[in-house]
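**Q** Sharing a structure, written as structure tokens. Questions coming.
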Amino acid sequence: MDELGRKTVDQFKAADKTPLVLVLDNVRSMHNVGSVFRTADGFLLQGIVLCGYTPVPPHRDIQKTALGATETVEWQYFPTTVEAVTALREGGYTIMAIEQAVNSVMLDTFEPTGEKPLALVFGNEVTGVDADVMKLVDGCIEIPQSGMKHSLNISVSTGIVVWDIFVKLKKQAQ
């Protein structure tokens with residue numbers, strides 16, 4: 001483990017975080033939630049906000065995919081995503097939905113400003129980001145896709161978007 005440069009839980013909690021928070025809007029699958037925790041740990045994100053009926057730790061099905069990331073990644077729960085977005089806005093975050101929508105910005109052309117921390121809202125596996133939440137966000141980011149489905153699992157979408165923004169923020173910091 002030492003050779004891999006892995007942080008202990010205490011080192012993770014004390015480390016400077018990537019200024020990025022993930023908001024899960026009524027995500028139903030515990031496996032998806034666990035996978036998002038693992039991605040947040042992997043890129044040292046500020047945290048995760050779980051909303052509505054999104055399952056919360058501790059639960060063995062979340063742990064199955066999180067592999068301990070629920071112990072490192074800070075998380076909080078809000079009864080509704082509208083409440084979460086409102087609180088994040090008051091906290092100075094730029095809030096972007098990850099959704100296919102009119103006037104969305106393609107991920108490959110999206111440039112985070114780095115001036116304010118960023119919150120990304122990921123929606124329900126079937127219905128996407130709630131319409132009331134879409135009215136509150138600062139914009140919408142879409143993952144360019146060329147296949148027939150134009151649909152990705154939330155855990156896959158999270159990995160793609162977080163990696164892309166992580167790389168862009170690192171380049172800006174150099």
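Note on naming: chains are A, B, ... as they come in the structure tokens, residues start from 1 per chain, ligands start from 1 in the order shown.
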Output as a PyMOL selection string all residues of stretch 15-106 of chain A that backbone DSSP marks as strand (DSSP E).

**A** chain A and resi 18-25+45-51+75-78+94-98+105-106

**Q** Write out as a PyMOL selection string which residues come within 8 Å of stretch 120-126 of chain A when counting only C-alpha atoms, dropping same-chain ones fewer than 5 positions away.

**A** chain A and resi 20-28+95-99+153-154+158

**Q** Report, in Å to a single decimal, how far apart atom CA of A:Thr39 and atom CA of A:Lys64 are.

**A**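 Atom-to-atom, atom CA of A:Lys64 to atom CA of A:Thr39, that is 13.7 Å.
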
**Q** Got a sec to tell me which of stretch 2-168 of chain A DSSP assigns to alpha helix (DSSP H), as a VMD selection string?

**A** chain A and resid 9 to 14 30 to 42 60 to 66 81 to 90 131 to 134 154 to 168

**Q** Kindly export the residues of the current selection with C-alpha atoms, as a PDB file, in the first residue's frame.

**A**
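For reference, result01.pdb as written:
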```
ATOM      1  CA  VAL A   9      -8.443   8.075   6.392  1.00  0.00           C
ATOM      2  CA  ASP A  10      -6.880  10.832   8.501  1.00  0.00           C
ATOM      3  CA  GLN A  11      -4.592  11.941   5.649  1.00  0.00           C
ATOM      4  CA  PHE A  12      -7.569  12.008   3.276  1.00  0.00           C
ATOM      5  CA  LYS A  13      -9.651  14.117   5.646  1.00  0.00           C
ATOM      6  CA  ALA A  14      -6.759  16.569   6.165  1.00  0.00           C
ATOM      7  CA  MET A  30     -27.298   1.618  -3.695  1.00  0.00           C
ATOM      8  CA  HIS A  31     -24.638   0.282  -6.043  1.00  0.00           C
ATOM      9  CA  ASN A  32     -24.660   3.566  -7.972  1.00  0.00           C
ATOM     10  CA  VAL A  33     -24.392   5.514  -4.709  1.00  0.00           C
ATOM     11  CA  GLY A  34     -21.434   3.378  -3.601  1.00  0.00           C
ATOM     12  CA  SER A  35     -19.740   3.850  -6.949  1.00  0.00           C
ATOM     13  CA  VAL A  36     -20.140   7.630  -6.708  1.00  0.00           C
ATOM     14  CA  PHE A  37     -18.537   7.544  -3.252  1.00  0.00           C
ATOM     15  CA  ARG A  38     -15.602   5.621  -4.679  1.00  0.00           C
ATOM     16  CA  THR A  39     -15.182   8.128  -7.518  1.00  0.00           C
ATOM     17  CA  ALA A  40     -15.362  11.037  -5.051  1.00  0.00           C
ATOM     18  CA  ASP A  41     -12.643   9.389  -2.972  1.00  0.00           C
ATOM     19  CA  GLY A  42     -10.493   8.709  -6.031  1.00  0.00           C
ATOM     20  CA  ARG A  60     -23.880  -3.177   2.983  1.00  0.00           C
ATOM     21  CA  ASP A  61     -25.024  -2.684  -0.635  1.00  0.00           C
ATOM     22  CA  ILE A  62     -23.492   0.815  -0.696  1.00  0.00           C
ATOM     23  CA  GLN A  63     -20.322  -0.543   0.919  1.00  0.00           C
ATOM     24  CA  LYS A  64     -20.104  -3.304  -1.692  1.00  0.00           C
ATOM     25  CA  THR A  65     -19.126  -0.749  -4.350  1.00  0.00           C
ATOM     26  CA  ALA A  66     -17.815   2.081  -2.146  1.00  0.00           C
ATOM     27  CA  THR A  81     -32.628  18.399  -3.970  1.00  0.00           C
ATOM     28  CA  VAL A  82     -34.172  21.885  -4.123  1.00  0.00           C
ATOM     29  CA  GLU A  83     -33.130  22.391  -0.479  1.00  0.00           C
ATOM     30  CA  ALA A  84     -29.636  21.092  -1.236  1.00  0.00           C
ATOM     31  CA  VAL A  85     -29.173  23.348  -4.277  1.00  0.00           C
ATOM     32  CA  THR A  86     -30.440  26.344  -2.301  1.00  0.00           C
ATOM     33  CA  ALA A  87     -27.940  25.635   0.495  1.00  0.00           C
ATOM     34  CA  LEU A  88     -25.077  25.161  -1.968  1.00  0.00           C
ATOM     35  CA  ARG A  89     -25.938  28.418  -3.727  1.00  0.00           C
ATOM     36  CA  GLU A  90     -25.885  30.209  -0.360  1.00  0.00           C
ATOM     37  CA  ALA A 131     -37.614  19.705 -13.400  1.00  0.00           C
ATOM     38  CA  ASP A 132     -37.812  21.943 -10.302  1.00  0.00           C
ATOM     39  CA  VAL A 133     -34.070  21.496  -9.760  1.00  0.00           C
ATOM     40  CA  MET A 134     -33.353  22.278 -13.434  1.00  0.00           C
ATOM     41  CA  ILE A 154     -25.069   7.468 -13.421  1.00  0.00           C
ATOM     42  CA  SER A 155     -21.925   5.838 -12.051  1.00  0.00           C
ATOM     43  CA  VAL A 156     -20.349   5.898 -15.514  1.00  0.00           C
ATOM     44  CA  SER A 157     -21.496   9.494 -16.110  1.00  0.00           C
ATOM     45  CA  THR A 158     -20.054  10.550 -12.773  1.00  0.00           C
ATOM     46  CA  GLY A 159     -16.679   9.009 -13.578  1.00  0.00           C
ATOM     47  CA  ILE A 160     -16.514  10.646 -16.993  1.00  0.00           C
ATOM     48  CA  VAL A 161     -17.551  14.111 -15.802  1.00  0.00           C
ATOM     49  CA  VAL A 162     -15.452  14.121 -12.632  1.00  0.00           C
ATOM     50  CA  TRP A 163     -12.334  12.993 -14.502  1.00  0.00           C
ATOM     51  CA  ASP A 164     -12.790  15.658 -17.171  1.00  0.00           C
ATOM     52  CA  ILE A 165     -13.343  18.485 -14.671  1.00  0.00           C
ATOM     53  CA  PHE A 166     -10.560  17.204 -12.383  1.00  0.00           C
ATOM     54  CA  VAL A 167      -8.069  17.366 -15.272  1.00  0.00           C
ATOM     55  CA  LYS A 168      -9.236  20.845 -16.306  1.00  0.00           C
TER      56      LYS A 168
END
```

**Q** Could you check the closest approach to A:Glu71 for each of A:Thr127, A:Thr113, A:Thr8, A:Thr18 and tell me which residue wins, using only C-alpha atoms?

**A**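 Nearest candidate to A:Glu71 out of A:Thr127, A:Thr113, A:Thr8, A:Thr18: A:Thr8.
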
**Q** To one decimal place, how far is atom CA of A:Leu45 from atom CA of A:Gly114 in Å?

**A** 13.9 Å

**Q** Out of A:Met106, A:Gly91, A:Thr80, A:Phe43, which residue has the shortest atom-to-atom distance to A:Cys140 when counting only C-alpha atoms?

**A**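 Among the listed residues, A:Met106 lies closest to A:Cys140.
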
**Q** In Å, how far is it from atom CA of A:Gln100 to atom CA of A:Pro144?

**A**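 Calculated distance between atom CA of A:Gln100 and atom CA of A:Pro144 is 9.3 Å.
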
**Q** With a distance cut-off of 6 Å and only C-alpha atoms, select the neighbouring residues of A:Tyr93, excluding the residue or stretch itself and same-chain residues fewer than 5 positions from it, and output the selection as number ranges by chain.

**A** A: 88, 116-118

**Q** Could you give me, as number ranges by chain, the residues within 9 Å of A:Gln76, counting only C-alpha atoms and dropping anything in the same chain fewer than 5 positions from it?

**A** A: 47-51, 56

**Q** Write out, as a compact mmCIF listing (two decimals), in the first residue's frame, the residues just selected, with C-alpha atoms.

**A**
```
# COMPACT_ATOMS: atom_id res chain seq x y z
CA GLY A 47 -18.06 15.78 -0.76
CA ILE A 48 -21.37 14.32 -1.79
CA VAL A 49 -24.91 15.53 -1.12
CA LEU A 50 -27.55 12.80 -1.04
CA CYS A 51 -31.13 13.95 -1.67
CA VAL A 56 -27.50 6.83 2.61
```
